[in-house]
file structure-v8.txt (compact mmCIF, C-alpha atoms)
# COMPACT_ATOMS: atom_id res chain seq x y z
CA MET A 886 10.11 33.99 30.77
CA THR A 887 11.26 32.91 27.33
CA SER A 888 8.51 31.69 25.10
CA ILE A 889 8.49 28.13 23.79
CA LEU A 890 8.74 29.49 20.27
CA THR A 891 12.01 31.33 20.95
CA ILE A 892 13.48 28.28 22.68
CA LEU A 893 12.68 26.16 19.65
CA GLY A 894 14.01 28.79 17.30
CA GLU A 895 17.31 28.97 19.13
CA ARG A 896 17.71 25.22 19.34
CA PHE A 897 16.73 24.27 15.79
CA GLY A 898 17.46 27.39 13.83
CA ALA A 899 16.80 26.90 10.17
CA ALA A 900 14.55 23.88 10.60
CA ILE A 901 11.85 26.12 12.05
CA LEU A 902 10.29 27.62 8.96
CA ASP A 903 7.74 29.81 10.68
CA THR A 904 6.09 30.45 14.02
CA VAL A 905 2.59 31.78 14.54
CA GLU A 906 1.10 33.14 17.75
CA PHE A 907 -2.59 33.96 17.72
CA ARG A 908 -4.61 34.67 20.86
CA GLY A 909 -2.34 32.52 22.97
CA GLU A 910 -2.20 29.61 20.52
CA GLN A 911 1.30 28.76 19.41
CA THR A 912 2.09 27.04 16.13
CA VAL A 913 5.45 26.03 14.74
CA ILE A 914 5.87 25.18 11.08
CA VAL A 915 8.91 23.00 10.57
CA GLU A 916 10.86 21.18 7.89
CA GLN A 917 9.85 17.61 7.19
CA ALA A 918 13.35 16.25 7.66
CA LYS A 919 13.72 17.48 11.24
CA ALA A 920 10.09 17.12 12.29
CA ARG A 921 10.39 13.95 14.32
CA GLU A 922 13.47 15.21 16.09
CA ILE A 923 11.73 18.44 17.03
CA ILE A 924 8.68 16.55 18.29
CA LYS A 925 10.86 14.27 20.40
CA TYR A 926 12.68 17.30 21.78
CA CYS A 927 9.35 18.85 22.77
CA ARG A 928 8.44 15.79 24.76
CA ASP A 929 11.80 15.10 26.33
CA GLU A 930 13.15 18.59 27.03
CA LEU A 931 10.18 20.94 26.97
CA GLY A 932 7.80 18.71 28.90
CA PHE A 933 4.98 18.27 26.34
CA ASP A 934 3.99 14.89 27.63
CA TYR A 935 0.52 14.57 26.10
CA LEU A 936 -0.13 14.11 22.39
CA ILE A 937 -3.66 15.37 21.85
CA ASP A 938 -4.03 14.58 18.19
CA VAL A 939 -2.29 13.91 14.91
CA SER A 940 -4.20 15.04 11.85
CA SER A 941 -3.60 15.65 8.17
CA LEU A 942 -4.66 18.09 5.49
CA ASP A 943 -5.02 17.60 1.77
CA HIS A 944 -4.05 20.61 -0.34
CA LEU A 945 -5.10 19.20 -3.66
CA GLY A 946 -3.49 21.02 -6.55
CA VAL A 947 -0.62 22.44 -4.50
CA GLU A 948 2.78 20.83 -4.14
CA PRO A 949 3.53 19.60 -1.42
CA ARG A 950 0.11 18.03 -1.13
CA TRP A 951 -0.04 16.81 2.44
CA GLU A 952 0.33 18.66 5.69
CA LEU A 953 0.60 16.92 9.04
CA VAL A 954 -0.42 18.62 12.27
CA TYR A 955 0.62 17.48 15.74
CA GLU A 956 -1.17 18.91 18.77
CA LEU A 957 0.94 18.69 21.91
CA TYR A 958 0.02 19.57 25.44
CA ALA A 959 2.03 19.95 28.62
CA LEU A 960 0.03 18.53 31.50
CA GLY A 961 2.37 18.35 34.44
CA ASN A 962 2.50 20.72 37.39
CA GLY A 963 -0.23 22.98 36.11
CA ALA A 964 1.76 23.88 33.03
CA HIS A 965 -1.16 23.65 30.57
CA HIS A 966 0.81 24.65 27.49
CA HIS A 967 -0.58 23.84 24.07
CA LEU A 968 1.67 23.63 21.04
CA ARG A 969 0.89 22.85 17.41
CA ILE A 970 3.59 21.53 15.08
CA LYS A 971 2.91 21.42 11.37
CA TYR A 972 4.93 20.27 8.42
CA LYS A 973 4.27 19.75 4.76
CA LEU A 974 4.84 16.49 2.97
CA PRO A 975 5.10 15.88 -0.80
CA GLU A 976 2.59 13.51 -2.29
CA ASP A 977 4.45 10.26 -2.72
CA SER A 978 6.74 10.42 0.26
CA LYS A 979 6.20 8.76 3.60
CA ALA A 980 5.90 10.46 6.94
CA GLU A 981 7.82 9.40 10.04
CA SER A 982 5.77 7.78 12.75
CA VAL A 983 5.86 9.16 16.28
CA SER A 984 4.42 5.98 17.77
CA GLU A 985 7.76 5.25 19.40
CA ILE A 986 7.46 8.56 21.25
CA TRP A 987 3.76 8.31 22.11
CA PRO A 988 2.09 4.88 21.70
CA THR A 989 -1.26 6.58 21.21
CA ALA A 990 -0.04 8.01 17.91
CA ALA A 991 -0.31 4.53 16.39
CA TRP A 992 -4.10 4.72 16.04
CA HIS A 993 -4.05 8.35 14.93
CA GLU A 994 -1.59 7.45 12.21
CA ARG A 995 -3.60 4.41 11.19
CA GLU A 996 -6.60 6.70 10.78
CA ILE A 997 -4.55 9.11 8.67
CA TYR A 998 -3.42 6.20 6.53
CA ASP A 999 -6.97 4.92 6.22
CA MET A 1000 -8.54 8.24 5.32
CA MET A 1001 -5.75 10.02 3.41
CA GLY A 1002 -3.40 7.32 2.25
CA ILE A 1003 -0.30 8.86 3.82
CA GLU A 1004 2.11 6.07 4.75
CA PHE A 1005 4.28 6.11 7.84
CA THR A 1006 7.72 4.61 8.30
CA GLY A 1007 8.21 3.01 11.68
CA LEU A 1008 4.53 2.35 12.25
CA ALA A 1009 4.28 -1.18 13.58
CA ASP A 1010 0.66 -1.99 12.79
CA HIS A 1011 0.13 -0.32 9.42
CA ARG A 1012 -3.49 -1.32 8.75
CA ARG A 1013 -6.71 0.48 8.05
CA ILE A 1014 -8.65 1.28 11.18
CA LEU A 1015 -12.11 2.54 10.17
CA MET A 1016 -12.69 1.05 6.74
CA TRP A 1017 -12.07 -2.63 6.11
CA GLU A 1018 -8.92 -4.27 4.77
CA GLY A 1019 -9.19 -4.22 1.02
CA TYR A 1020 -11.32 -1.08 0.70
CA PRO A 1021 -9.82 0.47 -2.41
CA TYR A 1022 -10.12 4.18 -1.77
CA PHE A 1023 -8.95 6.86 0.66
CA PRO A 1024 -12.20 8.63 1.53
CA LEU A 1025 -11.09 11.96 2.99
CA ARG A 1026 -8.95 12.99 0.05
CA LYS A 1027 -10.20 16.03 -1.79
CA ASP A 1028 -10.62 14.12 -5.03
CA PHE A 1029 -12.92 11.54 -3.45
CA PRO A 1030 -16.58 12.49 -3.95
CA LEU A 1031 -18.78 13.21 -0.94
CA ALA A 1032 -21.29 10.55 -1.92
CA GLY A 1033 -18.72 7.78 -2.04
CA ARG A 1034 -17.84 5.29 -4.75
CA PRO A 1035 -19.20 1.81 -5.34
CA SER A 1036 -16.96 -1.06 -4.31
CA GLU A 1037 -17.48 -4.70 -3.57
CA MET A 1038 -15.67 -7.20 -1.41
CA PRO A 1039 -17.69 -10.42 -1.31
CA ASP A 1040 -18.44 -11.61 2.23
CA VAL A 1041 -16.72 -8.62 3.80
CA ALA A 1042 -18.51 -5.42 2.82
CA PHE A 1043 -19.81 -3.45 -0.11
CA THR A 1044 -20.33 0.26 -0.72
CA ASP A 1045 -22.58 2.27 -2.97
CA ARG A 1046 -22.91 5.86 -4.05
CA ALA A 1047 -25.17 7.68 -1.57
CA PRO A 1048 -27.99 9.62 -3.26
CA LEU A 1049 -27.31 13.30 -2.68
CA ALA A 1050 -30.23 14.57 -4.81
CA GLY A 1051 -28.65 17.90 -5.69
CA GLY A 1052 -27.50 17.68 -2.14
CA PRO A 1053 -25.28 19.57 0.21
CA PHE A 1054 -23.39 22.60 -0.95
CA VAL A 1055 -19.72 21.76 -1.16
CA THR A 1056 -16.73 23.86 -2.01
CA SER A 1057 -14.36 23.19 -4.85
CA PRO A 1058 -11.12 21.66 -3.62
CA THR A 1059 -8.55 24.01 -5.01
CA SER A 1060 -6.81 27.06 -3.69
CA ALA A 1061 -8.14 29.25 -6.46
CA SER A 1062 -10.04 32.44 -5.81
CA THR A 1063 -12.96 32.58 -3.40
CA VAL A 1064 -15.31 33.04 -6.34
CA HIS A 1065 -14.14 29.69 -7.63
CA ARG A 1066 -14.42 28.05 -4.26
CA GLU A 1067 -17.91 29.28 -3.46
CA PRO A 1068 -19.95 26.36 -2.16
CA ARG A 1069 -22.54 25.22 -4.59
CA SER A 1070 -24.40 22.05 -5.31
CA ARG A 1071 -21.83 19.86 -7.03
CA GLU A 1072 -21.92 16.23 -7.97
CA MET A 1073 -18.34 15.12 -8.26
CA ASP A 1074 -17.30 11.89 -9.75
CA MET B 752 -59.16 0.52 13.35
CA PRO B 753 -58.31 -3.10 12.63
CA GLU B 754 -61.25 -5.32 11.81
CA THR B 755 -62.16 -7.76 14.55
CA ILE B 756 -61.31 -11.22 13.35
CA GLU B 757 -62.61 -13.14 16.35
CA GLN B 758 -66.21 -14.15 15.80
CA HIS B 759 -67.59 -15.71 18.90
CA ALA B 760 -70.51 -18.04 18.86
CA ALA B 761 -73.10 -17.43 21.52
CA TYR B 762 -71.19 -17.90 24.69
CA ASP B 763 -72.75 -18.75 28.00
CA SER B 764 -70.12 -19.29 30.63
CA LYS B 765 -72.34 -21.68 32.56
CA ILE B 766 -72.68 -23.95 29.54
CA GLU B 767 -69.43 -23.66 27.59
CA GLY B 768 -67.27 -22.94 30.59
CA ASN B 769 -63.74 -22.30 29.45
CA ILE B 770 -64.28 -22.95 25.75
CA ILE B 771 -64.26 -20.22 23.14
CA PHE B 772 -64.59 -20.48 19.40
CA THR B 773 -62.25 -18.57 17.18
CA LYS B 774 -60.31 -18.85 13.94
CA THR B 775 -56.88 -20.44 13.79
CA ASP B 776 -55.52 -17.31 12.19
CA ALA B 777 -56.86 -15.17 14.99
CA ALA B 778 -55.43 -17.40 17.68
CA ILE B 779 -52.01 -17.76 16.09
CA ASN B 780 -51.77 -14.06 15.33
CA TRP B 781 -52.88 -13.12 18.83
CA VAL B 782 -50.22 -15.30 20.36
CA ARG B 783 -47.52 -14.01 18.03
CA LYS B 784 -48.27 -10.34 18.30
CA ASN B 785 -48.49 -10.29 22.06
CA SER B 786 -45.16 -12.00 22.60
CA LEU B 787 -42.84 -10.35 20.10
CA TRP B 788 -39.38 -11.00 21.48
CA PRO B 789 -37.07 -8.40 20.02
CA MET B 790 -33.56 -8.92 18.74
CA PRO B 791 -32.21 -5.49 19.55
CA MET B 792 -29.79 -4.59 16.77
CA GLY B 793 -28.75 -1.47 18.64
CA LEU B 794 -26.08 0.12 16.50
CA ALA B 795 -26.03 3.77 17.54
CA CYS B 796 -27.97 6.42 19.46
CA CYS B 797 -31.38 4.89 18.75
CA ALA B 798 -30.31 2.01 20.96
CA ILE B 799 -30.46 4.37 23.94
CA GLU B 800 -34.08 5.19 23.16
CA LEU B 801 -34.77 1.50 22.69
CA MET B 802 -33.35 0.87 26.13
CA ALA B 803 -35.50 3.72 27.44
CA SER B 804 -38.61 2.17 25.99
CA GLY B 805 -37.63 -1.05 27.72
CA ALA B 806 -37.19 0.66 31.05
CA SER B 807 -39.91 1.28 33.57
CA ARG B 808 -41.28 4.65 32.48
CA PHE B 809 -42.27 3.59 28.96
CA ASP B 810 -42.37 -0.14 29.65
CA ILE B 811 -42.24 -2.27 26.56
CA ALA B 812 -43.15 -5.18 28.84
CA ARG B 813 -46.77 -4.11 28.53
CA PHE B 814 -46.61 -5.50 25.01
CA GLY B 815 -44.81 -8.67 25.93
CA ALA B 816 -41.62 -7.46 24.31
CA GLU B 817 -39.36 -6.90 27.27
CA VAL B 818 -37.55 -10.14 26.51
CA MET B 819 -34.66 -8.59 24.64
CA ARG B 820 -33.05 -11.74 23.36
CA PHE B 821 -29.61 -10.99 22.03
CA SER B 822 -29.59 -14.36 20.40
CA PRO B 823 -31.24 -14.29 16.98
CA ARG B 824 -32.30 -17.91 17.36
CA GLN B 825 -34.67 -16.98 20.15
CA SER B 826 -36.21 -13.79 18.86
CA ASP B 827 -39.11 -12.78 16.63
CA VAL B 828 -38.53 -9.21 15.61
CA MET B 829 -35.24 -7.51 14.80
CA ILE B 830 -35.27 -3.86 15.76
CA VAL B 831 -32.51 -2.19 13.76
CA ALA B 832 -31.80 0.84 15.92
CA GLY B 833 -29.07 3.04 14.59
CA THR B 834 -26.80 3.82 11.66
CA VAL B 835 -25.98 0.83 9.50
CA THR B 836 -22.46 1.29 8.17
CA TYR B 837 -21.32 -0.79 5.23
CA LYS B 838 -18.85 -2.50 7.55
CA MET B 839 -21.67 -3.64 9.84
CA ALA B 840 -24.25 -4.27 7.11
CA LEU B 841 -23.26 -7.82 6.26
CA ALA B 842 -23.13 -8.73 9.95
CA VAL B 843 -26.71 -7.46 10.35
CA LYS B 844 -27.72 -9.56 7.33
CA ARG B 845 -26.04 -12.62 8.79
CA VAL B 846 -27.87 -12.16 12.11
CA TRP B 847 -31.16 -11.70 10.22
CA ASP B 848 -30.58 -14.94 8.34
CA GLN B 849 -30.12 -16.77 11.62
CA MET B 850 -33.52 -15.75 12.92
CA PRO B 851 -36.15 -18.45 12.47
CA GLU B 852 -39.48 -17.84 10.77
CA PRO B 853 -41.80 -16.10 11.54
CA LYS B 854 -39.73 -12.99 11.79
CA TRP B 855 -40.32 -9.32 11.30
CA CYS B 856 -38.11 -6.25 11.14
CA ILE B 857 -38.58 -2.79 12.54
CA ALA B 858 -36.32 -0.07 11.17
CA MET B 859 -36.06 2.37 14.04
CA GLY B 860 -34.94 5.88 13.38
CA ALA B 861 -33.86 7.84 10.35
CA CYS B 862 -30.55 6.08 9.84
CA ALA B 863 -31.97 2.57 9.70
CA SER B 864 -34.84 3.68 7.48
CA SER B 865 -32.94 5.66 4.88
CA GLY B 866 -29.40 6.45 5.92
CA GLY B 867 -30.56 9.43 7.93
CA MET B 868 -28.34 12.49 7.84
CA TYR B 869 -25.38 10.39 6.68
CA ARG B 870 -25.26 10.64 2.90
CA SER B 871 -21.73 9.33 2.86
CA TYR B 872 -19.31 6.77 1.57
CA ALA B 873 -19.52 4.63 4.66
CA VAL B 874 -23.24 4.42 5.48
CA LEU B 875 -25.77 2.03 3.98
CA GLN B 876 -28.73 4.16 2.94
CA GLY B 877 -31.38 2.22 4.79
CA ILE B 878 -31.39 -1.37 6.04
CA ASP B 879 -34.17 -2.17 3.58
CA HIS B 880 -31.47 -2.53 0.94
CA LEU B 881 -30.59 -5.80 2.63
CA ILE B 882 -33.53 -7.15 4.64
CA PRO B 883 -37.32 -6.79 4.32
CA VAL B 884 -38.60 -4.15 6.74
CA ASP B 885 -42.15 -4.27 8.09
CA VAL B 886 -42.36 -1.04 10.05
CA TYR B 887 -40.34 2.15 9.68
CA ILE B 888 -40.19 4.43 12.69
CA SER B 889 -39.04 7.96 11.92
CA GLY B 890 -37.22 10.19 14.33
CA CYS B 891 -33.73 11.05 15.29
CA PRO B 892 -34.03 9.39 17.67
CA PRO B 893 -37.70 8.47 17.88
CA ARG B 894 -39.19 9.00 21.31
CA PRO B 895 -39.99 5.80 23.22
CA GLU B 896 -43.66 6.53 22.62
CA ALA B 897 -42.94 6.42 18.90
CA VAL B 898 -41.15 3.12 19.29
CA LEU B 899 -44.15 1.69 21.11
CA GLU B 900 -46.47 3.08 18.41
CA GLY B 901 -44.32 1.32 15.81
CA LEU B 902 -44.56 -1.88 17.80
CA MET B 903 -48.33 -1.50 17.92
CA ARG B 904 -48.44 -0.97 14.16
CA LEU B 905 -46.47 -4.17 13.77
CA GLN B 906 -48.97 -5.90 16.01
CA GLU B 907 -51.79 -4.67 13.77
CA LYS B 908 -49.90 -5.92 10.73
CA ILE B 909 -49.41 -9.32 12.33
CA SER B 910 -53.07 -9.58 13.26
CA LYS B 911 -53.96 -9.36 9.56
CA GLU B 912 -51.63 -12.15 8.46
CA GLU B 913 -52.87 -15.46 7.11
CA SER B 914 -50.77 -17.49 9.49
CA SER B 915 -52.61 -20.78 9.18
CA VAL B 916 -52.21 -20.84 5.42
CA ALA B 917 -48.45 -20.43 5.79
CA HIS B 918 -48.31 -22.96 8.58
CA PHE B 919 -50.15 -25.72 6.87
CA GLN B 920 -48.66 -25.18 3.42
CA THR B 921 -46.31 -27.97 2.44
CA GLU B 922 -43.99 -25.72 0.50
CA LYS B 923 -43.36 -22.31 1.91
CA ALA B 924 -42.92 -19.66 -0.75
CA VAL B 925 -40.06 -17.38 0.34

call {"tool": "encode", "arguments": {"input": "structure-v8.txt", "output": "structure tokens"}}
result
Amino acid sequence: MTSILTILGERFGAAILDTVEFRGEQTVIVEQAKAREIIKYCRDELGFDYLIDVSSLDHLGVEPRWELVYELYALGNGAHHHLRIKYKLPEDSKAESVSEIWPTAAWHEREIYDMMGIEFTGLADHRRILMWEGYPYFPLRKDFPLAGRPSEMPDVAFTDRAPLAGGPFVTSPTSASTVHREPRSREMD
Amino acid sequence: MPETIEQHAAYDSKIEGNIIFTKTDAAINWVRKNSLWPMPMGLACCAIELMASGASRFDIARFGAEVMRFSPRQSDVMIVAGTVTYKMALAVKRVWDQMPEPKWCIAMGACASSGGMYRSYAVLQGIDHLIPVDVYISGCPPRPEAVLEGLMRLQEKISKEESSVAHFQTEKAV
């Protein structure tokens, strides 16, 4: 029985940058240019009919800054296969939406836009979903402080810096050595 | 122990019958505290415990407060139960403004009192930044017994108010 990873490798060749298999979990790291095509192939040909989640990572200080992760699952006929597709995205470029392939991806991508500021081409309703229209920041970026920043939108909402009081231990958002990244009480601004 | 405000004259039921003497303050406060109709601002998990205290085992109806009016125009006390996000904060303020005097506020739970465990960009650190709170109930979530204790503390607070002064004043100081 050929593994999903070998099938993808044969079909897409150079676009598959890496595959990882760990304790039964399969991950494929792909090129940004072919990502949407590979994802569509997984649904149409390989039978991954359920998109579990779309999420994003912020590697602040490393180029390319963003990484998008798609969790796919094959439900039908007791298949129960889980596949993770990742690709990296440079900071100012836009990702391609998969909301034409799975309509549920629309809200996941709106959340990614709201929290990280990654824009999607082909996303029909490109609004914020958790914060309000007009909120000026992208809160889950690594350079946004844990306590938040003050902002004001009259009659809509306002925000303030939350008092951390020497607060939770947080790690430094770079990929430097572990000594550098050791969690300690930091007030970022 | 709250001081007894009612001072009865000598009362003989055969003579006075159904007449008692009391102070206006005492009467008004007694009526208000025993019929506190809540406006349940149930925002998160504390709302479940508020519902539990309204159900039969913990019975908020014993205190006259089972009338959970979801219309602010018809309620006396707003129980803010749950995390107040910045997005919801101005809506809570608008509902509070629509409640007629006399009104009180109970901040139920850690999140409504002080932001709770959410020291974050999206959570208002306590509803007392926006509206005046009379009673803070701590807990995450507070047990229904704690909610009822908070209600009783509010009743004690109301029984000490100078309601007749406020009522008969021509200009009400806000």

call {"tool": "interface_residues", "arguments": {"input": "structure-v8.txt", "of": "chain B", "to": "chain A", "cutoff": "6 Å", "atoms": "only C-alpha atoms", "output": "PyMOL selection string"}}
result
chain B and resi 837-838+870-872

call {"tool": "atom_distance", "arguments": {"input": "structure-v8.txt", "atom1": "CA of Leu905 in chain B", "atom2": "CA of Arg783 in chain B"}}
result
10.8 Å

call {"tool": "atom_distance", "arguments": {"input": "structure-v8.txt", "atom1": "CA of Val782 in chain B", "atom2": "CA of Met850 in chain B"}}
result
18.3 Å

call {"tool": "residues_near_point", "arguments": {"input": "structure-v8.txt", "point": "(6.6, 19.5, 20.5)", "cutoff": "9 Å", "atoms": "all atoms listed in the file", "output": "PyMOL selection string"}}
result
chain A and resi 913+923-929+931-934+936+955-958+968-970

call {"tool": "closest_residue", "arguments": {"input": "structure-v8.txt", "among": "A:Thr904, A:Ser1057, A:Ser1070, A:Ser940", "to": "Ile892 in chain A", "atoms": "all atoms listed in the file"}}
result
A:Thr904

call {"tool": "atom_distance", "arguments": {"input": "structure-v8.txt", "atom1": "CA of His993 in chain A", "atom2": "CA of Lys919 in chain A"}}
result
20.3 Å

call {"tool": "residues_around", "arguments": {"input": "structure-v8.txt", "residues": "Asp977 in chain A", "least_positions_apart": "4", "cutoff": "12 Å", "atoms": "all atoms listed in the file", "output": "list in words"}}
result
Glu948, Pro949, Arg950, Trp951, Met1001, Gly1002, Ile1003, Glu1004 and Phe1005 of chain A

call {"tool": "residues_around", "arguments": {"input": "structure-v8.txt", "residues": "range 807-823 of chain B", "least_positions_apart": "4", "cutoff": "10 Å", "atoms": "only C-alpha atoms", "output": "PyMOL selection string"}}
result
chain B and resi 783-792+801-803+827-829+845-851+894-896+898-899+902-903+906

call {"tool": "axis_aligned_box", "arguments": {"input": "structure-v8.txt", "around": "range 967-985 of chain A", "padding_each_side": "3 Å", "output": "AutoDock Vina command-line options"}}
result
--center_x 3.6 --center_y 14.5 --center_z 10.7 --size_x 14.4 --size_y 24.6 --size_z 32.8

call {"tool": "residues_around", "arguments": {"input": "structure-v8.txt", "residues": "Thr989 in chain A", "least_positions_apart": "3", "cutoff": "10 Å", "atoms": "all atoms listed in the file", "output": "number ranges by chain"}}
result
A: 935-939, 983-986, 992-994

call {"tool": "closest_residue", "arguments": {"input": "structure-v8.txt", "among": "B:Asp776, B:Glu800, B:Asp879, B:Glu767", "to": "Glu913 in chain B", "atoms": "all atoms listed in the file"}}
result
B:Asp776

call {"tool": "closest_residue", "arguments": {"input": "structure-v8.txt", "among": "A:Ser982, A:Ser1036, A:Thr1063, A:Thr1006", "to": "Ala920 in chain A", "atoms": "all atoms listed in the file"}}
result
A:Ser982

call {"tool": "decode", "arguments": {"input": "structure-v8.txt", "residues": "range 1032-1052 of chain A", "atoms": "N, CA and C atoms", "output": "PDB file, in the first residue's frame"}}
result
ATOM      1  N   ALA A1032       0.059  42.304  26.601  1.00  0.00           N
ATOM      2  CA  ALA A1032      -0.932  43.083  27.334  1.00  0.00           C
ATOM      3  C   ALA A1032      -1.859  43.863  26.421  1.00  0.00           C
ATOM      4  N   GLY A1033      -1.521  43.966  25.144  1.00  0.00           N
ATOM      5  CA  GLY A1033      -2.366  44.738  24.248  1.00  0.00           C
ATOM      6  C   GLY A1033      -1.903  46.168  24.142  1.00  0.00           C
ATOM      7  N   ARG A1034      -2.505  46.902  23.208  1.00  0.00           N
ATOM      8  CA  ARG A1034      -2.178  48.308  22.997  1.00  0.00           C
ATOM      9  C   ARG A1034      -3.441  49.129  23.081  1.00  0.00           C
ATOM     10  N   PRO A1035      -3.344  50.365  23.554  1.00  0.00           N
ATOM     11  CA  PRO A1035      -4.547  51.188  23.623  1.00  0.00           C
ATOM     12  C   PRO A1035      -5.003  51.602  22.227  1.00  0.00           C
ATOM     13  N   SER A1036      -6.316  51.600  22.050  1.00  0.00           N
ATOM     14  CA  SER A1036      -6.882  52.085  20.789  1.00  0.00           C
ATOM     15  C   SER A1036      -8.271  52.595  21.100  1.00  0.00           C
ATOM     16  N   GLU A1037      -8.790  53.406  20.205  1.00  0.00           N
ATOM     17  CA  GLU A1037     -10.092  54.003  20.487  1.00  0.00           C
ATOM     18  C   GLU A1037     -10.872  54.129  19.205  1.00  0.00           C
ATOM     19  N   MET A1038     -12.096  53.596  19.206  1.00  0.00           N
ATOM     20  CA  MET A1038     -12.993  53.860  18.094  1.00  0.00           C
ATOM     21  C   MET A1038     -14.286  54.338  18.720  1.00  0.00           C
ATOM     22  N   PRO A1039     -14.583  55.621  18.655  1.00  0.00           N
ATOM     23  CA  PRO A1039     -15.753  56.132  19.380  1.00  0.00           C
ATOM     24  C   PRO A1039     -17.025  55.412  18.942  1.00  0.00           C
ATOM     25  N   ASP A1040     -17.840  55.036  19.930  1.00  0.00           N
ATOM     26  CA  ASP A1040     -19.118  54.370  19.699  1.00  0.00           C
ATOM     27  C   ASP A1040     -18.999  52.928  19.240  1.00  0.00           C
ATOM     28  N   VAL A1041     -17.810  52.449  18.982  1.00  0.00           N
ATOM     29  CA  VAL A1041     -17.694  51.047  18.570  1.00  0.00           C
ATOM     30  C   VAL A1041     -17.045  50.251  19.683  1.00  0.00           C
ATOM     31  N   ALA A1042     -15.788  50.571  19.984  1.00  0.00           N
ATOM     32  CA  ALA A1042     -15.068  49.842  21.037  1.00  0.00           C
ATOM     33  C   ALA A1042     -13.814  50.618  21.355  1.00  0.00           C
ATOM     34  N   PHE A1043     -13.230  50.279  22.510  1.00  0.00           N
ATOM     35  CA  PHE A1043     -11.940  50.854  22.865  1.00  0.00           C
ATOM     36  C   PHE A1043     -11.105  49.728  23.467  1.00  0.00           C
ATOM     37  N   THR A1044      -9.799  49.898  23.502  1.00  0.00           N
ATOM     38  CA  THR A1044      -8.956  48.905  24.181  1.00  0.00           C
ATOM     39  C   THR A1044      -7.956  49.643  25.050  1.00  0.00           C
ATOM     40  N   ASP A1045      -7.426  48.918  25.992  1.00  0.00           N
ATOM     41  CA  ASP A1045      -6.440  49.480  26.906  1.00  0.00           C
ATOM     42  C   ASP A1045      -5.379  48.446  27.172  1.00  0.00           C
ATOM     43  N   ARG A1046      -4.225  48.894  27.691  1.00  0.00           N
ATOM     44  CA  ARG A1046      -3.197  47.942  28.038  1.00  0.00           C
ATOM     45  C   ARG A1046      -3.613  47.217  29.320  1.00  0.00           C
ATOM     46  N   ALA A1047      -3.581  45.885  29.308  1.00  0.00           N
ATOM     47  CA  ALA A1047      -3.967  45.134  30.498  1.00  0.00           C
ATOM     48  C   ALA A1047      -2.812  45.158  31.488  1.00  0.00           C
ATOM     49  N   PRO A1048      -3.072  45.347  32.781  1.00  0.00           N
ATOM     50  CA  PRO A1048      -1.967  45.406  33.748  1.00  0.00           C
ATOM     51  C   PRO A1048      -1.406  44.020  34.013  1.00  0.00           C
ATOM     52  N   LEU A1049      -0.152  43.783  33.636  1.00  0.00           N
ATOM     53  CA  LEU A1049       0.418  42.460  33.832  1.00  0.00           C
ATOM     54  C   LEU A1049       1.124  42.349  35.170  1.00  0.00           C
ATOM     55  N   ALA A1050       1.578  43.465  35.717  1.00  0.00           N
ATOM     56  CA  ALA A1050       2.203  43.513  37.047  1.00  0.00           C
ATOM     57  C   ALA A1050       3.374  42.562  37.146  1.00  0.00           C
ATOM     58  N   GLY A1051       4.295  42.639  36.226  1.00  0.00           N
ATOM     59  CA  GLY A1051       5.485  41.796  36.245  1.00  0.00           C
ATOM     60  C   GLY A1051       5.171  40.394  35.827  1.00  0.00           C
ATOM     61  N   GLY A1052       4.067  40.234  35.359  1.00  0.00           N
ATOM     62  CA  GLY A1052       3.175  39.186  34.904  1.00  0.00           C
ATOM     63  C   GLY A1052       3.742  37.879  34.414  1.00  0.00           C
TER      64      GLY A1052
END
